[in-house]
Amino acid sequence: MPVLWPLTVLLVIVVVTLAVGWIVDQVLQRVAARRPEAPVWPLLRRCRIPLQLVTLASLLMAARPLERIFGIEGDAPRHAELLLLLAALGWLAVRFVAAGLEAFLSRYATRTGDVARLRRVRTQIGMLRRVVSAVIVVVTVAVMLLTFSAMRAVGAGLLASAGILGIVAGIAAQSALGNFFAGLQIAFGDTVRIGDTVVVDAQQGVVEEITLSYLVILLWDQRRLIVPVSYFVNKPFENWTREDPGLLASVVLHLDHSTPVEALREALHRCLGGTPLWDGTAWALQVTDTTPSTLVVRATMTARNADDAALLRFTVREQLIAYLRDEHPGALPRLRTGEG
């Protein structure tokens, strides 16, 4: 039976492919269980499927059972297997590069205590992963196209018209290329990083994601603001955490002239000492201005990040007003309607 042997070979190839994937997955699971702090092993497990496809395509090209089973003559099956092998190799390379860069970032995060530098490296690694992945995809597709004889035949004509095509493509893709290079400039110019608190068009938010074409900013009400990367190159914006994630929060109160400022200052100190939102670095309470009817008092205090600073402002304002209401009600501003 001439078909029995090729069917047996095909069955063996399928079993070997599944066995390779299972063995690799089991090994990576055990290593990940021993080193749960390293994120590289779960990421390497994602390489299992492309690795199986590489194994399958390689064995099919070596044993050639499909041609014998279906009685196909010519190079069509072998060409299809080669395309599968090239696509699987590109997929495997993308997954492997992502795992390697994530492992580098994790190792770097354990060695540095500088939050600003870690944000910069995380942004650069994310942008580098996207660029390398795009290059791998383009090279893989190009190599797959070159396996067709027709593509090689028209290669000379394509090269002859490359200058004109390049000009046309450059004009058509001017905006996309501008965003691409702006993304690289942001990643390696350290103007904005993932995790930074920024203000764009009077809207404050935290940079959640940076791609080659846009940034995703998480606003305080959980909305996402999508901004082209070219915006951060061509227009001014505020970056509150570029050098240091800590911020100085302030609360302004309009009080009566009879306000006991020193007692209010002590109340602020007690309030800050009782909340973990204050980072313990600095605080102050000062009379910054006067009007015919009020004192303008400003309380300032430091916080670790923008979220803590906002919550600290709310807490301090509430507790200072409650203190004056209970202990010094005359210090609250009043509307005077007559003498005395």
# chains A, B, ... in the order shown; residues from 1 in each chain; ligands from 1
$ residues_around --residues "segment 194-207 of chain A" --least-positions-apart "3" --cutoff "7 Å" --atoms "only C-alpha atoms" --output "PDB file with C-alpha atoms, in the first residue's frame"
ATOM      1  CA  ARG A 119       9.968  55.246  33.153  1.00  0.00           C
ATOM      2  CA  THR A 123       9.194  53.902  27.190  1.00  0.00           C
ATOM      3  CA  ILE A 210       3.084  55.285  23.720  1.00  0.00           C
ATOM      4  CA  VAL A 216      -2.950  57.260  25.185  1.00  0.00           C
ATOM      5  CA  ILE A 217      -3.529  59.534  28.181  1.00  0.00           C
ATOM      6  CA  LEU A 218      -5.687  58.260  31.051  1.00  0.00           C
ATOM      7  CA  LEU A 219      -7.724  61.169  32.434  1.00  0.00           C
ATOM      8  CA  TRP A 220      -8.933  61.500  36.013  1.00  0.00           C
ATOM      9  CA  PHE A 237       2.630  70.808  27.032  1.00  0.00           C
ATOM     10  CA  GLU A 238       3.115  70.403  30.770  1.00  0.00           C
ATOM     11  CA  ASN A 239       4.979  67.415  32.191  1.00  0.00           C
ATOM     12  CA  TRP A 240       4.635  67.459  35.952  1.00  0.00           C
ATOM     13  CA  THR A 241       6.807  64.405  36.643  1.00  0.00           C
ATOM     14  CA  ARG A 242       9.650  64.610  34.114  1.00  0.00           C
ATOM     15  CA  ALA A 306      -0.135  63.329  41.122  1.00  0.00           C
TER      16      ALA A 306
END
$ residues_around --residues "Glu262 of chain A" --least-positions-apart "5" --cutoff "10 Å" --atoms "only C-alpha atoms" --output "PDB file with all heavy atoms, in the first residue's frame"
ATOM      1  N   ALA A 267      -2.614  72.929  63.200  1.00  0.00           N
ATOM      2  CA  ALA A 267      -3.658  71.995  62.767  1.00  0.00           C
ATOM      3  C   ALA A 267      -3.279  71.341  61.431  1.00  0.00           C
ATOM      4  O   ALA A 267      -3.532  70.143  61.216  1.00  0.00           O
ATOM      5  CB  ALA A 267      -4.994  72.720  62.643  1.00  0.00           C
ATOM      6  N   LEU A 268      -2.668  72.110  60.540  1.00  0.00           N
ATOM      7  CA  LEU A 268      -2.205  71.536  59.263  1.00  0.00           C
ATOM      8  C   LEU A 268      -1.136  70.482  59.512  1.00  0.00           C
ATOM      9  O   LEU A 268      -1.163  69.409  58.882  1.00  0.00           O
ATOM     10  CB  LEU A 268      -1.663  72.653  58.374  1.00  0.00           C
ATOM     11  CG  LEU A 268      -0.962  72.189  57.085  1.00  0.00           C
ATOM     12  CD1 LEU A 268      -1.936  71.456  56.175  1.00  0.00           C
ATOM     13  CD2 LEU A 268      -0.338  73.379  56.357  1.00  0.00           C
ATOM     14  N   LEU A 285       2.420  76.787  55.726  1.00  0.00           N
ATOM     15  CA  LEU A 285       1.163  77.521  55.719  1.00  0.00           C
ATOM     16  C   LEU A 285       1.514  79.001  55.834  1.00  0.00           C
ATOM     17  O   LEU A 285       2.152  79.419  56.818  1.00  0.00           O
ATOM     18  CB  LEU A 285       0.231  77.088  56.847  1.00  0.00           C
ATOM     19  CG  LEU A 285      -1.178  77.683  56.793  1.00  0.00           C
ATOM     20  CD1 LEU A 285      -2.231  76.655  57.160  1.00  0.00           C
ATOM     21  CD2 LEU A 285      -1.301  78.908  57.720  1.00  0.00           C
ATOM     22  N   GLN A 286       1.095  79.792  54.845  1.00  0.00           N
ATOM     23  CA  GLN A 286       1.483  81.193  54.773  1.00  0.00           C
ATOM     24  C   GLN A 286       0.295  82.053  54.375  1.00  0.00           C
ATOM     25  O   GLN A 286      -0.592  81.605  53.648  1.00  0.00           O
ATOM     26  CB  GLN A 286       2.617  81.387  53.750  1.00  0.00           C
ATOM     27  CG  GLN A 286       3.883  80.608  54.082  1.00  0.00           C
ATOM     28  CD  GLN A 286       4.849  80.563  52.921  1.00  0.00           C
ATOM     29  OE1 GLN A 286       4.428  80.444  51.777  1.00  0.00           O
ATOM     30  NE2 GLN A 286       6.141  80.657  53.216  1.00  0.00           N
TER      31      GLN A 286
END
$ residues_around --residues "segment 132-141 of chain A" --least-positions-apart "6" --cutoff "7 Å" --atoms "only C-alpha atoms" --output "list in words"
Leu86, Ala87, Gly90 and Val94 of chain A
$ residues_around --residues "Leu53 of chain A" --least-positions-apart "6" --cutoff "8 Å" --atoms "only C-alpha atoms" --output "list in words"
Thr17, Leu84, Leu85 and Ala88 of chain A
$ write_last_selection --atoms "N, CA and C atoms" --output "PDB file, in the first residue's frame"
ATOM      1  N   THR A  17       5.593  17.169  16.450  1.00  0.00           N
ATOM      2  CA  THR A  17       5.299  18.604  16.600  1.00  0.00           C
ATOM      3  C   THR A  17       4.572  18.886  17.907  1.00  0.00           C
ATOM      4  N   LEU A  84       5.197  28.679   4.858  1.00  0.00           N
ATOM      5  CA  LEU A  84       4.802  28.438   6.245  1.00  0.00           C
ATOM      6  C   LEU A  84       5.997  28.534   7.182  1.00  0.00           C
ATOM      7  N   LEU A  85       7.121  27.985   6.765  1.00  0.00           N
ATOM      8  CA  LEU A  85       8.329  28.033   7.590  1.00  0.00           C
ATOM      9  C   LEU A  85       8.805  29.473   7.789  1.00  0.00           C
ATOM     10  N   ALA A  88       6.388  31.321  10.119  1.00  0.00           N
ATOM     11  CA  ALA A  88       6.550  30.856  11.501  1.00  0.00           C
ATOM     12  C   ALA A  88       7.840  31.379  12.114  1.00  0.00           C
TER      13      ALA A  88
END
$ atom_distance --atom1 "atom CA of Gln124 of chain A" --atom2 "atom CA of Leu28 of chain A"
27.4 Å
$ atom_distance --atom1 "atom CA of Cys271 of chain A" --atom2 "atom CA of Thr291 of chain A"
27.0 Å
$ closest_residue --among "A:Asp326, A:Val121, A:His79, A:Ala310" --to "Arg107 of chain A" --atoms "only C-alpha atoms"
A:Val121
$ select_by_dssp --residues "segment 177-310 of chain A" --states "strand (DSSP E)" --output "ChimeraX atom specification"
/A:197-200,203-210,214-219,224-228,238-239,247-255,278-290,295-303
$ closest_residue --among "A:Val296, A:Leu105, A:Asp221, A:Val252" --to "Glu318 of chain A" --atoms "only C-alpha atoms"
A:Val252
$ residues_around --residues "Arg325 of chain A" --least-positions-apart "6" --cutoff "12 Å" --atoms "only C-alpha atoms" --output "PDB file with N, CA, C and O atoms, in the first residue's frame"
ATOM      1  N   LEU A 255     -10.125  83.513  54.545  1.00  0.00           N
ATOM      2  CA  LEU A 255     -10.567  83.491  55.935  1.00  0.00           C
ATOM      3  C   LEU A 255     -10.707  84.902  56.476  1.00  0.00           C
ATOM      4  O   LEU A 255     -10.249  85.880  55.874  1.00  0.00           O
ATOM      5  N   THR A 259      -8.443  85.234  62.035  1.00  0.00           N
ATOM      6  CA  THR A 259      -8.011  83.838  62.026  1.00  0.00           C
ATOM      7  C   THR A 259      -6.705  83.667  62.800  1.00  0.00           C
ATOM      8  O   THR A 259      -5.725  84.399  62.548  1.00  0.00           O
ATOM      9  N   LEU A 264      -3.771  77.511  63.160  1.00  0.00           N
ATOM     10  CA  LEU A 264      -4.134  76.837  61.904  1.00  0.00           C
ATOM     11  C   LEU A 264      -2.924  76.097  61.325  1.00  0.00           C
ATOM     12  O   LEU A 264      -3.070  75.006  60.767  1.00  0.00           O
ATOM     13  N   GLU A 318     -10.665  69.782  53.561  1.00  0.00           N
ATOM     14  CA  GLU A 318     -11.804  69.349  54.386  1.00  0.00           C
ATOM     15  C   GLU A 318     -11.490  69.438  55.871  1.00  0.00           C
ATOM     16  O   GLU A 318     -12.313  69.939  56.666  1.00  0.00           O
ATOM     17  N   GLN A 319     -10.303  68.995  56.270  1.00  0.00           N
ATOM     18  CA  GLN A 319      -9.983  68.961  57.699  1.00  0.00           C
ATOM     19  C   GLN A 319      -9.699  70.362  58.253  1.00  0.00           C
ATOM     20  O   GLN A 319     -10.034  70.650  59.409  1.00  0.00           O
ATOM     21  N   ALA A 331     -13.320  82.565  62.509  1.00  0.00           N
ATOM     22  CA  ALA A 331     -12.301  82.706  61.474  1.00  0.00           C
ATOM     23  C   ALA A 331     -12.861  82.478  60.079  1.00  0.00           C
ATOM     24  O   ALA A 331     -12.224  82.847  59.088  1.00  0.00           O
ATOM     25  N   LEU A 332     -14.026  81.874  59.992  1.00  0.00           N
ATOM     26  CA  LEU A 332     -14.617  81.655  58.673  1.00  0.00           C
ATOM     27  C   LEU A 332     -15.143  82.984  58.134  1.00  0.00           C
ATOM     28  O   LEU A 332     -15.635  83.831  58.896  1.00  0.00           O
ATOM     29  N   PRO A 333     -15.004  83.210  56.835  1.00  0.00           N
ATOM     30  CA  PRO A 333     -15.419  84.511  56.280  1.00  0.00           C
ATOM     31  C   PRO A 333     -16.902  84.752  56.475  1.00  0.00           C
ATOM     32  O   PRO A 333     -17.726  83.848  56.375  1.00  0.00           O
TER      33      PRO A 333
END
$ closest_residue --among "A:Met301, A:Leu44, A:Ala63, A:Ala98" --to "Leu272 of chain A" --atoms "only C-alpha atoms"
A:Met301
